[in-house]
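Here is the structure we will look at.
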Amino acid sequence: MRHRIAVIGGGPAGLTFARVLHRHDHPVTVLERDPAPDARPPGGTLDLHERMGQLALDKAGLLAEFQALSRPEGQAMRILDADGTVLRDWQPRPGDLANPEIDRGQLRDLLLGPLDVRWGRGVTEVVPGTRDGVLVHFADGRQETFDLVVGADGAWSRVRPALSSATPHYTGITMVETSLDDVDTRHPDLARLIGDGSMAVYGVNRNLVAQRNSGGHVKVYAQFRAPLDRHTNLDRRAGLDLDDAEAVRSSLLALFDGWAAPVLDLLRHGTAFVHRPLYVLPVPHTWTHVPGVTLLGDAAHLMPPLGVGANLAMLEGAELAESVAAAPGPADLDEAVRAFEEQMWARAGRWAKITAAGLERLVSPDPTQALALFDEVQPS
């Protein structure tokens, strides 16, 4: 029996779910609000963990292709003091494939493969329990029903309200992202400072992180504690225009005043600035099971971006797909989803607590907390 399955959201969770179902010859409808794969920048780089994201790709039959695209050298991590002193300089061992990096765009294209995605299909509401199944309302006024709707549509999920009244809340920490292009040619000193992977500098309630992507592209992230309106107005007294890159740059340079000049060059040479206040869902986030609807990834357990969220989302997508493919009838399908949710809640709850505690240490009044966390995770 072939169930009518829809996954809403074409990110790592939704595409992994669809790709594993495809491998099991089970039809699946992928609904994505973006009008095309390249409609907006795909984001930075991801480190895929051996027992999480890589395991999910193995279940999809894509591990060898991932290994050909990934950057094991990107696992390198360098930590500097605010005065530029190198405190830690960790390099992966030859053949270390525990957490290799891959650009989000490359991962998206790898997962898309033969999938038939309905682009430009924004969902406004999901209504379970109708006579013909779960009813999906689209932004263009159309409707369609499915036996199972999987919400993999991120932090501000349109599927989540069918299951839970929970909404993301602000962590008290804001991130501002910028980037450098062709860094090895245009900014060779910064290229050497960053190294092959990531470089971080931790100060009082703030940090700067630079992370290599492929093709000489570097993402730079400034994190700091601030009121929620800080991401819409970095300096209320000055009436800062966030579309004015030079004004944002000046405000950030003032925020990190006194740090070593080479570190501040990451901001001086950055291009456009994007503001990303960090939100999380309550921990734990669970719901009363509703037949025909479930959630994956950020839609289910939005947590701080400490390298776990996408890995969990992909593993969940693969596991749910395998369970769905093995469910012969409607009752079996519902039981498979119910069992999956119980497993997801327990595991995601543990990781949500770990990442919340980690964020508190990485953006802390005591910068030594960040260094201690690094030593616990990756001893020097």
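Numbering starts fresh at 1 for the residues of each chain in the structure tokens, the chains themselves are lettered A, B, ... in the order given, and ligands are numbered from 1 as they appear.
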DSSP on the backbone: which residues in region 109-239 of chain A end up as strand (DSSP E or B)? Give the answer as a ChimeraX atom specification.
/A:117-119,123-130,133-138,143-146,148-151,169-180,198-203,206-212,218-225
Which residues of region 166-281 of chain A sit at most 10 Å from region 89-95 of chain A, using only C-alpha atoms? Give each one's shortest atom pair and distance in Å (one decimal place), in chain and ascending residue order, as a Markdown table.
| residue | atom | partner | partner_atom | distance |
| --- | --- | --- | --- | --- |
| A:Gly195 | CA | A:Asp89 | CA | 9.3 |
| A:Asp196 | CA | A:Gln91 | CA | 8.8 |
| A:Gly197 | CA | A:Gln91 | CA | 8.8 |
| A:Ser198 | CA | A:Trp90 | CA | 9.9 |
| A:Met199 | CA | A:Asp89 | CA | 8.9 |
Could you write those residues out with all heavy atoms, as a PDB file, in the first residue's frame?
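See again27.pdb below for the written result:
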ATOM      1  N   GLY A 195      42.878  29.915   8.831  1.00  0.00           N
ATOM      2  CA  GLY A 195      43.314  28.545   8.642  1.00  0.00           C
ATOM      3  C   GLY A 195      42.371  27.782   7.725  1.00  0.00           C
ATOM      4  O   GLY A 195      41.625  28.362   6.939  1.00  0.00           O
ATOM      5  N   ASP A 196      42.376  26.447   7.848  1.00  0.00           N
ATOM      6  CA  ASP A 196      41.595  25.592   6.950  1.00  0.00           C
ATOM      7  C   ASP A 196      40.147  25.416   7.383  1.00  0.00           C
ATOM      8  O   ASP A 196      39.331  24.915   6.604  1.00  0.00           O
ATOM      9  CB  ASP A 196      42.235  24.203   6.853  1.00  0.00           C
ATOM     10  CG  ASP A 196      43.558  24.229   6.119  1.00  0.00           C
ATOM     11  OD1 ASP A 196      43.736  25.123   5.261  1.00  0.00           O
ATOM     12  OD2 ASP A 196      44.416  23.371   6.404  1.00  0.00           O
ATOM     13  N   GLY A 197      39.843  25.761   8.623  1.00  0.00           N
ATOM     14  CA  GLY A 197      38.498  25.501   9.130  1.00  0.00           C
ATOM     15  C   GLY A 197      37.850  26.731   9.733  1.00  0.00           C
ATOM     16  O   GLY A 197      37.422  27.632   9.019  1.00  0.00           O
ATOM     17  N   SER A 198      37.795  26.774  11.058  1.00  0.00           N
ATOM     18  CA  SER A 198      37.142  27.880  11.763  1.00  0.00           C
ATOM     19  C   SER A 198      38.103  28.545  12.730  1.00  0.00           C
ATOM     20  O   SER A 198      39.051  27.920  13.225  1.00  0.00           O
ATOM     21  CB  SER A 198      35.916  27.374  12.540  1.00  0.00           C
ATOM     22  OG  SER A 198      34.960  26.820  11.669  1.00  0.00           O
ATOM     23  N   MET A 199      37.841  29.805  12.998  1.00  0.00           N
ATOM     24  CA  MET A 199      38.598  30.561  13.981  1.00  0.00           C
ATOM     25  C   MET A 199      37.609  31.325  14.852  1.00  0.00           C
ATOM     26  O   MET A 199      36.622  31.868  14.341  1.00  0.00           O
ATOM     27  CB  MET A 199      39.527  31.551  13.288  1.00  0.00           C
ATOM     28  CG  MET A 199      40.428  32.331  14.244  1.00  0.00           C
ATOM     29  SD  MET A 199      40.724  34.020  13.665  1.00  0.00           S
ATOM     30  CE  MET A 199      39.126  34.764  13.919  1.00  0.00           C
TER      31      MET A 199
END
Between CA of Val134 (chain A) and CA of Ala18 (chain A), distance in Å (one decimal):
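CA of Val134 (chain A) sits 18.2 Å away from CA of Ala18 (chain A).
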Do you know which residues are at most 8 Å from Asp34 (chain A) counting only C-alpha atoms, after dropping those on the same chain fewer than 6 positions away, and could you put them as a list in words?
Trp119, Gly120, Arg121 and Gly122 of chain A
Using DSSP on the backbone, list every residue of region 285-321 of chain A that comes out as alpha helix (DSSP H), and give them as JSON, numbers by chain.
{"A": [298, 299, 300, 301, 309, 310, 311, 312, 313, 314, 315, 316, 317, 318, 319, 320, 321]}
Taking into account only C-alpha atoms, which residue in the set A:Ser165, A:Arg212, A:Pro262, A:Pro328 is nearest to Asp182 (chain A)?
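Answer, going by the shortest atom-to-atom distance: A:Arg212.
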Distance query Leu295 (chain A) at most 8 Å, only C-alpha atoms, self and fewer than 3 positions along chain excluded, as a PyMOL selection string:
chain A and resi 150-152+159-160+299-300
Shortest interatomic distance to Pro282 (chain A) - which of A:Asn213, A:Ala331, A:Tyr170, A:Ile194, counting only C-alpha atoms
A:Tyr170
Env of Arg361 (chain A): 9 Å cut, atoms = only C-alpha atoms, seq-sep filter 5 positions within chain, self excluded. Answer as a JSON list (two decimals) with N, CA and C atoms, in the first residue's frame.
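Written out: selection31.json:
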[["chain", "number", "residue", "atom", "x", "y", "z"],
["A", 356, "ALA", "N", 21.76, 24.50, 24.76],
["A", 356, "ALA", "CA", 21.41, 25.70, 25.52],
["A", 356, "ALA", "C", 22.50, 26.04, 26.53],
["A", 366, "ASP", "N", 32.27, 35.40, 31.36],
["A", 366, "ASP", "CA", 33.60, 34.84, 31.59],
["A", 366, "ASP", "C", 34.08, 34.11, 30.34],
["A", 367, "PRO", "N", 34.93, 34.73, 29.52],
["A", 367, "PRO", "CA", 35.35, 34.10, 28.26],
["A", 367, "PRO", "C", 36.08, 32.77, 28.44],
["A", 368, "THR", "N", 36.63, 32.53, 29.62],
["A", 368, "THR", "CA", 37.31, 31.25, 29.82],
["A", 368, "THR", "C", 36.35, 30.07, 29.77],
["A", 369, "GLN", "N", 35.05, 30.35, 29.97],
["A", 369, "GLN", "CA", 34.06, 29.29, 29.86],
["A", 369, "GLN", "C", 34.02, 28.71, 28.44],
["A", 370, "ALA", "N", 34.17, 29.57, 27.44],
["A", 370, "ALA", "CA", 34.17, 29.11, 26.05],
["A", 370, "ALA", "C", 35.38, 28.22, 25.77],
["A", 371, "LEU", "N", 36.53, 28.65, 26.27],
["A", 371, "LEU", "CA", 37.74, 27.86, 26.07],
["A", 371, "LEU", "C", 37.61, 26.52, 26.77],
["A", 372, "ALA", "N", 37.06, 26.51, 27.97],
["A", 372, "ALA", "CA", 36.88, 25.25, 28.71],
["A", 372, "ALA", "C", 35.93, 24.31, 27.96],
["A", 373, "LEU", "N", 34.89, 24.88, 27.36],
["A", 373, "LEU", "CA", 33.96, 24.05, 26.59],
["A", 373, "LEU", "C", 34.67, 23.41, 25.41]]
Within 9 Å of region 307-312 of chain A using only C-alpha atoms, minus same-chain residues under 2 positions, as JSON, numbers by chain:
{"A": [12, 13, 46, 47, 48, 49, 51, 52, 53, 54, 56, 296, 297, 298, 301, 302, 303, 304, 305, 314, 315, 316, 317, 344, 347, 348, 351, 352, 355]}
Residues from the last selection, C-alpha atoms, saved as a short mmCIF file (atom, residue, chain, number, x, y, z; two decimals), in the first residue's frame:
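Resulting contents of out.cif:
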data_model
loop_
_atom_site.label_atom_id
_atom_site.label_comp_id
_atom_site.auth_asym_id
_atom_site.auth_seq_id
_atom_site.Cartn_x
_atom_site.Cartn_y
_atom_site.Cartn_z
CA PRO A 12 18.06 19.14 5.13
CA ALA A 13 15.31 17.43 7.19
CA LEU A 46 27.64 22.29 8.01
CA ASP A 47 29.73 19.72 9.84
CA LEU A 48 27.97 16.38 9.43
CA HIS A 49 28.59 14.00 12.32
CA ARG A 51 26.65 8.95 13.69
CA MET A 52 24.05 11.55 12.74
CA GLY A 53 24.13 13.46 9.46
CA GLN A 54 26.50 10.99 7.78
CA ALA A 56 21.34 9.69 7.45
CA LEU A 296 11.10 17.21 12.04
CA GLY A 297 14.13 19.34 12.82
CA ASP A 298 13.72 23.00 13.81
CA HIS A 301 12.96 21.26 18.46
CA LEU A 302 14.56 24.58 17.51
CA MET A 303 17.82 24.86 19.45
CA PRO A 304 20.97 27.02 19.41
CA PRO A 305 23.16 26.64 16.29
CA MET A 314 18.64 14.69 8.86
CA LEU A 315 18.83 11.62 11.08
CA GLU A 316 15.20 12.07 12.08
CA GLY A 317 14.17 12.42 8.45
CA MET A 344 12.70 11.96 18.71
CA ARG A 347 16.93 12.43 21.99
CA ALA A 348 16.16 16.02 20.95
CA TRP A 351 20.55 17.78 22.84
CA ALA A 352 18.44 20.90 23.40
CA THR A 355 23.20 23.21 23.27
#
Closest to Ala261 (chain A) among A:Asp244, A:Asp25, A:Glu322, A:Asp189, using only C-alpha atoms?
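Among A:Asp244, A:Asp25, A:Glu322, A:Asp189, it is A:Asp189 that comes nearest to Ala261 (chain A).
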Which residue out of A:Ala36, A:Ala166, A:Ala210, A:Leu15 has the minimum interatomic distance to Ala191 (chain A) when only C-alpha atoms are used?
A:Ala210
CA of Pro128 (chain A) and CA of Val293 (chain A) are how many Å apart?
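Here the two named atoms are 7.0 Å from each other.
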I want to know what sits within 9 Å of Ser179 (chain A), based on only C-alpha atoms, with residues of the same chain fewer than 3 positions away left out; could you give that as an MDAnalysis selection string?
chainID A and resid 210 217:221 266:267 269:273
Separating CA of Ala139 (chain A) from CA of Ala318 (chain A), to the nearest tenth of an Å, is a gap of 28.2 Å
Have a look at A:Asp153, A:Asp257, A:Asp147, A:Asp58 and name the one nearest to Glu32 (chain A); count only C-alpha atoms.
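The closest residue to Glu32 (chain A) is A:Asp153.
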With only C-alpha atoms as the basis for distance, which of A:Leu281, A:Val290, A:Leu21, A:Met175 is at the shortest distance from Gly129 (chain A)?
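Nearest candidate to Gly129 (chain A) out of A:Leu281, A:Val290, A:Leu21, A:Met175: A:Val290.
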